[in-house]
file input_11.cif (mmCIF, C-alpha atoms)
data_my_file
#
loop_
_atom_site.label_atom_id
_atom_site.label_comp_id
_atom_site.auth_asym_id
_atom_site.auth_seq_id
_atom_site.Cartn_x
_atom_site.Cartn_y
_atom_site.Cartn_z
CA GLY P 1 0.00 0.00 0.00
CA ALA P 2 0.80 3.74 0.11
CA VAL P 3 1.88 4.10 -3.51
CA VAL P 4 2.55 7.51 -4.99
CA SER P 5 2.96 7.96 -8.73
CA GLN P 6 4.29 10.82 -10.79
CA HIS P 7 3.79 11.65 -14.43
CA PRO P 8 5.73 12.14 -16.53
CA SER P 9 8.85 10.38 -15.28
CA TRP P 10 10.99 12.61 -17.45
CA VAL P 11 10.42 15.55 -19.72
CA ILE P 12 12.52 17.65 -22.06
CA CYS P 13 11.21 21.05 -23.06
CA LYS P 14 12.35 24.24 -24.72
CA SER P 15 13.17 27.32 -22.72
CA GLY P 16 10.10 29.50 -22.19
CA THR P 17 7.54 26.73 -22.24
CA SER P 18 5.50 25.48 -19.30
CA VAL P 19 5.60 21.97 -17.93
CA LYS P 20 3.01 20.26 -15.74
CA ILE P 21 3.93 17.41 -13.39
CA GLU P 22 1.25 15.26 -11.77
CA CYS P 23 1.48 13.55 -8.41
CA ARG P 24 -1.11 10.95 -7.47
CA SER P 25 -1.71 8.89 -4.39
CA LEU P 26 -2.94 5.61 -5.85
CA ASP P 27 -4.37 3.74 -2.88
CA PHE P 28 -5.00 6.37 -0.26
CA GLN P 29 -6.30 9.88 0.16
CA ALA P 30 -3.77 12.55 0.97
CA THR P 31 -4.90 15.83 2.43
CA THR P 32 -1.33 17.04 2.29
CA MET P 33 1.24 16.63 -0.44
CA PHE P 34 4.73 18.05 -0.62
CA TRP P 35 6.88 19.06 -3.56
CA TYR P 36 10.65 18.72 -3.40
CA ARG P 37 13.47 19.56 -5.72
CA GLN P 38 16.72 17.63 -5.88
CA PHE P 39 19.86 18.59 -7.77
CA PRO P 40 22.36 15.87 -8.73
CA LYS P 41 24.05 14.31 -5.73
CA GLN P 42 22.35 16.74 -3.39
CA SER P 43 19.65 16.52 -0.79
CA LEU P 44 15.95 17.11 -1.17
CA MET P 45 14.83 20.68 -0.74
CA LEU P 46 11.21 21.30 0.15
CA MET P 47 9.59 23.69 -2.29
CA ALA P 48 6.01 23.83 -1.06
CA THR P 49 3.31 22.17 0.97
CA SER P 50 0.06 21.50 -0.83
CA ASN P 51 -3.22 21.06 1.00
CA GLU P 52 -6.34 19.87 -0.77
CA GLY P 53 -8.71 22.71 -1.54
CA SER P 54 -6.45 25.50 -0.38
CA LYS P 55 -3.50 27.50 -1.60
CA ALA P 56 -0.07 25.96 -1.36
CA THR P 57 2.43 27.19 1.19
CA TYR P 58 5.77 27.96 -0.42
CA GLU P 59 9.16 27.81 1.24
CA GLN P 60 11.30 30.90 1.41
CA GLY P 61 12.99 31.63 -1.88
CA VAL P 62 10.57 29.62 -4.03
CA GLU P 63 8.71 31.74 -6.56
CA LYS P 64 5.02 30.90 -6.30
CA ASP P 65 4.25 32.48 -9.67
CA LYS P 66 6.85 30.30 -11.34
CA PHE P 67 5.99 27.05 -9.62
CA LEU P 68 2.20 26.81 -9.65
CA ILE P 69 0.75 24.13 -7.42
CA ASN P 70 -2.81 22.87 -7.56
CA HIS P 71 -4.19 20.27 -5.16
CA ALA P 72 -7.61 19.77 -6.70
CA SER P 73 -8.51 16.47 -5.08
CA LEU P 74 -7.45 14.18 -2.27
CA THR P 75 -5.44 12.06 -4.69
CA LEU P 76 -3.95 14.57 -7.11
CA SER P 77 -1.57 17.48 -6.88
CA THR P 78 0.06 19.18 -9.85
CA LEU P 79 3.18 21.29 -10.17
CA THR P 80 3.46 23.56 -13.19
CA VAL P 81 6.82 25.06 -13.98
CA THR P 82 5.94 28.19 -15.93
CA SER P 83 8.26 29.75 -18.50
CA ALA P 84 10.89 27.16 -17.77
CA HIS P 85 14.56 28.02 -18.11
CA PRO P 86 17.67 25.82 -18.10
CA GLU P 87 18.29 26.57 -14.40
CA ASP P 88 14.94 24.92 -13.64
CA SER P 89 16.35 21.61 -14.84
CA SER P 90 16.21 19.30 -11.86
CA PHE P 91 14.64 16.22 -10.34
CA TYR P 92 11.22 17.05 -8.91
CA ILE P 93 9.78 14.71 -6.32
CA CYS P 94 6.40 14.78 -4.63
CA SER P 95 5.32 13.07 -1.46
CA ALA P 96 1.96 12.43 0.11
CA LYS P 97 1.17 12.19 3.78
CA THR P 98 -1.03 9.46 5.14
CA GLY P 99 -1.71 7.68 8.38
CA THR P 100 -3.63 8.18 11.54
CA TYR P 101 -3.12 11.04 13.94
CA ASN P 102 0.44 11.17 15.29
CA LYS P 103 1.39 8.25 13.06
CA GLU P 104 1.54 9.99 9.74
CA THR P 105 4.16 9.05 7.19
CA GLN P 106 5.30 10.65 3.99
CA TYR P 107 5.52 8.42 0.95
CA PHE P 108 7.47 9.63 -2.02
CA GLY P 109 6.80 9.39 -5.71
CA PRO P 110 9.43 8.13 -8.15
CA GLY P 111 10.34 11.64 -9.27
CA THR P 112 10.22 13.58 -12.53
CA ARG P 113 13.39 14.58 -14.26
CA LEU P 114 13.04 17.90 -16.08
CA LEU P 115 15.54 19.07 -18.65
CA VAL P 116 15.06 22.53 -20.11
CA LEU P 117 17.00 23.23 -23.27
CA GLN D 1 18.09 27.78 10.00
CA GLN D 2 16.88 24.36 10.97
CA GLN D 3 19.56 21.97 9.80
CA VAL D 4 20.12 18.26 9.87
CA LYS D 5 23.79 17.38 9.57
CA GLN D 6 24.60 13.97 8.14
CA SER D 7 27.88 12.08 8.01
CA PRO D 8 29.77 10.57 6.36
CA GLN D 9 29.17 11.86 2.86
CA SER D 10 30.20 8.51 1.44
CA LEU D 11 30.84 5.11 2.95
CA ILE D 12 32.32 1.88 1.66
CA VAL D 13 31.63 -1.28 3.63
CA GLN D 14 32.47 -4.89 2.92
CA LYS D 15 29.68 -7.36 2.43
CA GLY D 16 28.55 -8.70 5.76
CA GLY D 17 29.82 -5.70 7.67
CA ILE D 18 27.96 -3.04 9.61
CA SER D 19 27.17 0.28 7.94
CA ILE D 20 26.71 3.23 10.28
CA ILE D 21 25.40 6.64 9.25
CA ASN D 22 25.02 9.50 11.70
CA CYS D 23 22.79 12.54 11.87
CA ALA D 24 22.50 15.49 14.22
CA TYR D 25 19.70 18.01 14.46
CA GLU D 26 19.29 21.39 16.08
CA ASN D 27 15.59 21.99 16.52
CA THR D 28 14.28 20.52 19.77
CA ALA D 29 10.76 20.68 18.35
CA PHE D 30 11.60 17.86 15.96
CA ASP D 31 10.04 14.64 17.11
CA TYR D 32 9.93 12.42 14.05
CA PHE D 33 13.11 10.99 12.55
CA PRO D 34 12.81 8.86 9.40
CA TRP D 35 15.49 7.36 7.22
CA TYR D 36 15.03 7.11 3.48
CA GLN D 37 16.81 4.98 0.89
CA GLN D 38 17.17 6.30 -2.63
CA PHE D 39 18.42 4.50 -5.71
CA PRO D 40 19.65 6.48 -8.73
CA GLY D 41 16.81 8.04 -10.68
CA LYS D 42 14.19 7.00 -8.13
CA GLY D 43 12.31 8.72 -5.36
CA PRO D 44 13.23 8.12 -1.73
CA ALA D 45 11.66 5.13 -0.02
CA LEU D 46 10.93 5.11 3.69
CA LEU D 47 13.22 2.64 5.41
CA ILE D 48 12.59 3.07 9.12
CA ALA D 49 11.53 5.85 11.45
CA ILE D 50 11.66 6.63 15.14
CA ARG D 51 10.03 9.00 17.62
CA PRO D 52 11.81 10.35 20.72
CA ASP D 53 9.91 8.17 23.17
CA VAL D 54 12.28 5.28 22.47
CA SER D 55 16.07 5.14 22.17
CA GLU D 56 16.24 2.36 19.63
CA LYS D 57 14.09 0.78 16.95
CA LYS D 58 14.95 -2.31 14.97
CA GLU D 59 13.38 -3.63 11.80
CA GLY D 60 15.16 -6.58 10.28
CA ARG D 61 18.75 -5.61 9.52
CA PHE D 62 18.06 -1.91 10.07
CA THR D 63 18.33 -0.23 13.47
CA ILE D 64 17.89 3.39 14.48
CA SER D 65 19.65 4.57 17.62
CA PHE D 66 18.40 7.82 19.09
CA ASN D 67 20.07 10.06 21.67
CA LYS D 68 17.68 12.83 22.64
CA SER D 69 20.05 14.70 24.95
CA ALA D 70 22.75 14.84 22.29
CA LYS D 71 20.21 15.49 19.51
CA GLN D 72 21.72 12.74 17.44
CA PHE D 73 20.42 9.66 15.72
CA SER D 74 22.04 7.00 13.61
CA LEU D 75 21.21 4.22 11.19
CA HIS D 76 22.90 0.86 11.52
CA ILE D 77 22.69 -1.67 8.70
CA MET D 78 23.71 -5.10 9.89
CA ASP D 79 25.07 -7.77 7.54
CA SER D 80 25.33 -5.20 4.74
CA GLN D 81 24.61 -6.55 1.26
CA PRO D 82 25.46 -5.27 -2.24
CA GLY D 83 21.76 -4.55 -2.73
CA ASP D 84 21.99 -2.03 0.10
CA SER D 85 24.22 0.16 -2.07
CA ALA D 86 22.24 3.39 -2.38
CA THR D 87 22.07 6.91 -1.03
CA TYR D 88 20.60 7.22 2.44
CA PHE D 89 18.97 10.36 3.78
CA CYS D 90 18.06 11.07 7.34
CA ALA D 91 15.30 13.54 8.00
CA ALA D 92 13.66 15.25 10.92
CA GLY D 93 10.34 16.91 11.38
CA PRO D 94 7.99 18.37 13.94
CA PHE D 95 4.87 16.89 15.41
CA GLY D 96 2.52 15.56 12.74
CA ASN D 97 5.28 14.83 10.25
CA GLU D 98 5.05 18.14 8.48
CA LYS D 99 7.87 19.74 6.55
CA LEU D 100 10.68 17.25 6.85
CA THR D 101 14.19 18.64 6.84
CA PHE D 102 16.58 16.30 5.08
CA GLY D 103 20.22 15.58 5.73
CA THR D 104 22.74 15.91 2.93
CA GLY D 105 22.80 12.20 2.16
CA THR D 106 25.30 9.36 2.41
CA ARG D 107 26.30 7.36 -0.60
CA LEU D 108 26.77 3.80 0.63
CA THR D 109 28.68 1.23 -1.40
CA ILE D 110 28.84 -2.39 -0.31
CA ILE D 111 31.75 -4.24 -1.83
CA PRO D 112 32.02 -8.04 -2.13
#

call {"tool": "encode", "arguments": {"input": "input_11.cif", "output": "structure tokens"}}
result
Amino acid sequence: GAVVSQHPSWVICKSGTSVKIECRSLDFQATTMFWYRQFPKQSLMLMATSNEGSKATYEQGVEKDKFLINHASLTLSTLTVTSAHPEDSSFYICSAKTGTYNKETQYFGPGTRLLVL
Amino acid sequence: QQQVKQSPQSLIVQKGGISIINCAYENTAFDYFPWYQQFPGKGPALLIAIRPDVSEKKEGRFTISFNKSAKQFSLHIMDSQPGDSATYFCAAGPFGNEKLTFGTGTRLTIIP
């Protein structure tokens, strides 16, 4: 159980275009999902926290107008990288929180590798 | 800034040996400490986690040791196998498992 999927698994796009990444919890409902960014051989950096039906909370230094997050349902959150540039190339990973009170756990998706040319 | 310091950066262990990775945190409000295993090109997978009410948790070959007073916790992999070769991240978070802060990662290589 507790499977999180991401689509696409990798994407190559031209500079200036927008890219949408989907994160789905397949066998559970997630009121909270998280979006992380990971550069090669580096740690995961939290970008934003996404709560179903409300606006995402962005971490300091993350441009909310560039990284649009929509958590439209209890099983789906999307991250849209708008007007992508080469410096946005990275590995984007989502996670979804599940579990009972005080026993919640984050389960991670397989990641989406974005390459902006 | 709330940091989680992880060491070593890389580790080579012989098959059958014990792999030990250490982490230290600063924020005393943290009360959830998971370890994640990540293979190249994949997302992190939860390995084992601990809360401060216990000093040790064991699941199979994986053990977390937790020292609340020192604000340190470590992962021990017993009888290390080549399939354990991966990058390991410790993390820490506050009550309710919100906003995990990740360590910098340890690249573990198990040699025959």

call {"tool": "closest_atom_pairs", "arguments": {"input": "input_11.cif", "of": "chain D", "to": "chain P", "cutoff": "7 Å", "atoms": "all atoms listed in the file", "output": "Markdown table"}}
result
| residue | atom | partner | partner_atom | distance |
| --- | --- | --- | --- | --- |
| D:Lys42 | CA | P:Pro110 | CA | 4.9 |
| D:Gly43 | CA | P:Pro110 | CA | 4.1 |
| D:Pro44 | CA | P:Phe108 | CA | 6.0 |
| D:Ala45 | CA | P:Phe108 | CA | 6.5 |
| D:Leu46 | CA | P:Tyr107 | CA | 6.9 |
| D:Gly96 | CA | P:Asn102 | CA | 5.5 |
| D:Asn97 | CA | P:Glu104 | CA | 6.1 |
| D:Phe102 | CA | P:Leu44 | CA | 6.3 |
| D:Gly103 | CA | P:Ser43 | CA | 6.6 |
| D:Thr104 | CA | P:Ser43 | CA | 4.9 |
| D:Gly105 | CA | P:Ser43 | CA | 6.1 |

call {"tool": "closest_residue", "arguments": {"input": "input_11.cif", "among": "D:Ala24, D:Leu75, D:Ile18, D:Leu11", "to": "Glu56 (chain D)", "atoms": "only C-alpha atoms"}}
result
D:Leu75

call {"tool": "atom_distance", "arguments": {"input": "input_11.cif", "atom1": "CA of Leu114 (chain P)", "atom2": "CA of Gly41 (chain D)"}}
result
11.9 Å

call {"tool": "resolve_selection", "arguments": {"input": "input_11.cif", "expression": "the PyMOL selection byres ((chain P and resi 63-79) around 6)", "output": "JSON, numbers by chain"}}
result
{"P": [20, 21, 22, 23, 24, 25, 29, 30, 31, 52, 62, 80, 81, 82]}

call {"tool": "resolve_selection", "arguments": {"input": "input_11.cif", "expression": "the PyMOL selection byres ((chain D and resi 29) around 10)", "output": "VMD selection string"}}
result
chain D and resid 26 to 28 30 to 32 92 to 95

call {"tool": "residues_around", "arguments": {"input": "input_11.cif", "residues": "Asn22 (chain D)", "least_positions_apart": "2", "cutoff": "7 Å", "atoms": "all atoms listed in the file", "output": "MDAnalysis selection string"}}
result
chainID D and resid 6:7 20 24 73:75

call {"tool": "residues_around", "arguments": {"input": "input_11.cif", "residues": "Ser83 (chain P)", "least_positions_apart": "5", "cutoff": "7 Å", "atoms": "only C-alpha atoms", "output": "CSV table (one decimal) with C-alpha atoms, in the coordinates of the input"}}
result
chain,number,residue,atom,x,y,z
P,15,SER,CA,13.2,27.3,-22.7
P,16,GLY,CA,10.1,29.5,-22.2
P,17,THR,CA,7.5,26.7,-22.2
P,18,SER,CA,5.5,25.5,-19.3

call {"tool": "atom_distance", "arguments": {"input": "input_11.cif", "atom1": "CA of Ser85 (chain D)", "atom2": "CA of Ser65 (chain D)"}}
result
20.7 Å

call {"tool": "atom_distance", "arguments": {"input": "input_11.cif", "atom1": "CA of Leu117 (chain P)", "atom2": "CA of Glu87 (chain P)"}}
result
9.6 Å

call {"tool": "resolve_selection", "arguments": {"input": "input_11.cif", "expression": "the PyMOL selection byres ((chain D and resi 15) around 10)", "output": "ChimeraX atom specification"}}
result
/D:12-14,16-19,78-84,109-112

call {"tool": "decode", "arguments": {"input": "input_11.cif", "residues": "region 24-51 of chain D", "atoms": "N, CA, C and O atoms", "output": "mmCIF file, in the first residue's frame"}}
result
data_model
loop_
_atom_site.group_PDB
_atom_site.id
_atom_site.type_symbol
_atom_site.label_atom_id
_atom_site.label_comp_id
_atom_site.auth_asym_id
_atom_site.auth_seq_id
_atom_site.Cartn_x
_atom_site.Cartn_y
_atom_site.Cartn_z
ATOM 1 N N ALA D 24 22.690 14.625 13.063
ATOM 2 C CA ALA D 24 22.499 15.488 14.221
ATOM 3 C C ALA D 24 21.545 16.606 13.827
ATOM 4 O O ALA D 24 21.598 17.102 12.703
ATOM 5 N N TYR D 25 20.672 16.969 14.748
ATOM 6 C CA TYR D 25 19.703 18.012 14.461
ATOM 7 C C TYR D 25 19.813 19.110 15.506
ATOM 8 O O TYR D 25 20.435 18.945 16.553
ATOM 9 N N GLU D 26 19.191 20.236 15.189
ATOM 10 C CA GLU D 26 19.290 21.385 16.078
ATOM 11 C C GLU D 26 17.964 21.730 16.760
ATOM 12 O O GLU D 26 17.947 22.161 17.915
ATOM 13 N N ASN D 27 16.889 21.536 16.032
ATOM 14 C CA ASN D 27 15.588 21.994 16.519
ATOM 15 C C ASN D 27 14.989 20.999 17.512
ATOM 16 O O ASN D 27 14.661 19.869 17.156
ATOM 17 N N THR D 28 14.823 21.415 18.744
ATOM 18 C CA THR D 28 14.282 20.520 19.770
ATOM 19 C C THR D 28 12.807 20.227 19.563
ATOM 20 O O THR D 28 12.254 19.340 20.225
ATOM 21 N N ALA D 29 12.170 20.949 18.647
ATOM 22 C CA ALA D 29 10.758 20.681 18.353
ATOM 23 C C ALA D 29 10.589 19.472 17.438
ATOM 24 O O ALA D 29 9.489 18.945 17.292
ATOM 25 N N PHE D 30 11.671 19.038 16.821
ATOM 26 C CA PHE D 30 11.599 17.857 15.963
ATOM 27 C C PHE D 30 11.280 16.635 16.813
ATOM 28 O O PHE D 30 11.923 16.401 17.845
ATOM 29 N N ASP D 31 10.327 15.858 16.356
ATOM 30 C CA ASP D 31 10.041 14.638 17.113
ATOM 31 C C ASP D 31 9.689 13.462 16.209
ATOM 32 O O ASP D 31 9.043 12.510 16.639
ATOM 33 N N TYR D 32 10.134 13.542 14.979
ATOM 34 C CA TYR D 32 9.928 12.421 14.049
ATOM 35 C C TYR D 32 11.179 12.322 13.194
ATOM 36 O O TYR D 32 11.603 13.316 12.587
ATOM 37 N N PHE D 33 11.796 11.141 13.165
ATOM 38 C CA PHE D 33 13.109 10.986 12.547
ATOM 39 C C PHE D 33 13.103 9.756 11.629
ATOM 40 O O PHE D 33 13.370 8.643 12.058
ATOM 41 N N PRO D 34 12.817 9.979 10.346
ATOM 42 C CA PRO D 34 12.813 8.860 9.398
ATOM 43 C C PRO D 34 14.131 8.754 8.646
ATOM 44 O O PRO D 34 14.890 9.726 8.537
ATOM 45 N N TRP D 35 14.389 7.582 8.137
ATOM 46 C CA TRP D 35 15.488 7.357 7.220
ATOM 47 C C TRP D 35 14.911 6.904 5.882
ATOM 48 O O TRP D 35 14.002 6.069 5.842
ATOM 49 N N TYR D 36 15.483 7.471 4.808
ATOM 50 C CA TYR D 36 15.027 7.113 3.475
ATOM 51 C C TYR D 36 16.189 6.536 2.675
ATOM 52 O O TYR D 36 17.343 6.937 2.837
ATOM 53 N N GLN D 37 15.846 5.597 1.799
ATOM 54 C CA GLN D 37 16.810 4.978 0.893
ATOM 55 C C GLN D 37 16.456 5.406 -0.522
ATOM 56 O O GLN D 37 15.288 5.333 -0.925
ATOM 57 N N GLN D 38 17.441 5.857 -1.261
ATOM 58 C CA GLN D 38 17.174 6.302 -2.630
ATOM 59 C C GLN D 38 18.159 5.671 -3.598
ATOM 60 O O GLN D 38 19.372 5.776 -3.426
ATOM 61 N N PHE D 39 17.602 5.035 -4.629
ATOM 62 C CA PHE D 39 18.417 4.498 -5.707
ATOM 63 C C PHE D 39 18.466 5.523 -6.829
ATOM 64 O O PHE D 39 17.560 6.354 -6.954
ATOM 65 N N PRO D 40 19.509 5.480 -7.665
ATOM 66 C CA PRO D 40 19.653 6.482 -8.730
ATOM 67 C C PRO D 40 18.406 6.576 -9.608
ATOM 68 O O PRO D 40 17.872 5.567 -10.065
ATOM 69 N N GLY D 41 17.952 7.803 -9.810
ATOM 70 C CA GLY D 41 16.810 8.036 -10.675
ATOM 71 C C GLY D 41 15.468 7.683 -10.077
ATOM 72 O O GLY D 41 14.450 7.712 -10.780
ATOM 73 N N LYS D 42 15.437 7.374 -8.807
ATOM 74 C CA LYS D 42 14.187 6.996 -8.134
ATOM 75 C C LYS D 42 13.907 7.937 -6.977
ATOM 76 O O LYS D 42 14.778 8.626 -6.485
ATOM 77 N N GLY D 43 12.653 7.933 -6.534
ATOM 78 C CA GLY D 43 12.308 8.716 -5.364
ATOM 79 C C GLY D 43 12.739 8.014 -4.096
ATOM 80 O O GLY D 43 12.991 6.810 -4.091
ATOM 81 N N PRO D 44 12.845 8.727 -3.004
ATOM 82 C CA PRO D 44 13.230 8.115 -1.728
ATOM 83 C C PRO D 44 12.149 7.161 -1.236
ATOM 84 O O PRO D 44 10.962 7.405 -1.411
ATOM 85 N N ALA D 45 12.589 6.103 -0.605
ATOM 86 C CA ALA D 45 11.664 5.133 -0.025
ATOM 87 C C ALA D 45 11.897 5.079 1.478
ATOM 88 O O ALA D 45 13.044 4.983 1.929
ATOM 89 N N LEU D 46 10.820 5.160 2.240
ATOM 90 C CA LEU D 46 10.930 5.106 3.687
ATOM 91 C C LEU D 46 11.503 3.760 4.128
ATOM 92 O O LEU D 46 11.010 2.702 3.750
ATOM 93 N N LEU D 47 12.536 3.844 4.940
ATOM 94 C CA LEU D 47 13.216 2.641 5.411
ATOM 95 C C LEU D 47 12.781 2.291 6.826
ATOM 96 O O LEU D 47 12.334 1.199 7.126
ATOM 97 N N ILE D 48 12.909 3.251 7.711
ATOM 98 C CA ILE D 48 12.595 3.067 9.117
ATOM 99 C C ILE D 48 12.506 4.443 9.744
ATOM 100 O O ILE D 48 13.125 5.385 9.278
ATOM 101 N N ALA D 49 11.695 4.557 10.796
ATOM 102 C CA ALA D 49 11.532 5.851 11.449
ATOM 103 C C ALA D 49 11.409 5.656 12.953
ATOM 104 O O ALA D 49 11.010 4.581 13.416
ATOM 105 N N ILE D 50 11.721 6.709 13.697
ATOM 106 C CA ILE D 50 11.663 6.632 15.143
ATOM 107 C C ILE D 50 11.109 7.927 15.716
ATOM 108 O O ILE D 50 11.227 8.984 15.103
ATOM 109 N N ARG D 51 10.469 7.829 16.868
ATOM 110 C CA ARG D 51 10.035 9.001 17.620
ATOM 111 C C ARG D 51 10.826 9.039 18.914
ATOM 112 O O ARG D 51 11.339 8.015 19.365
#
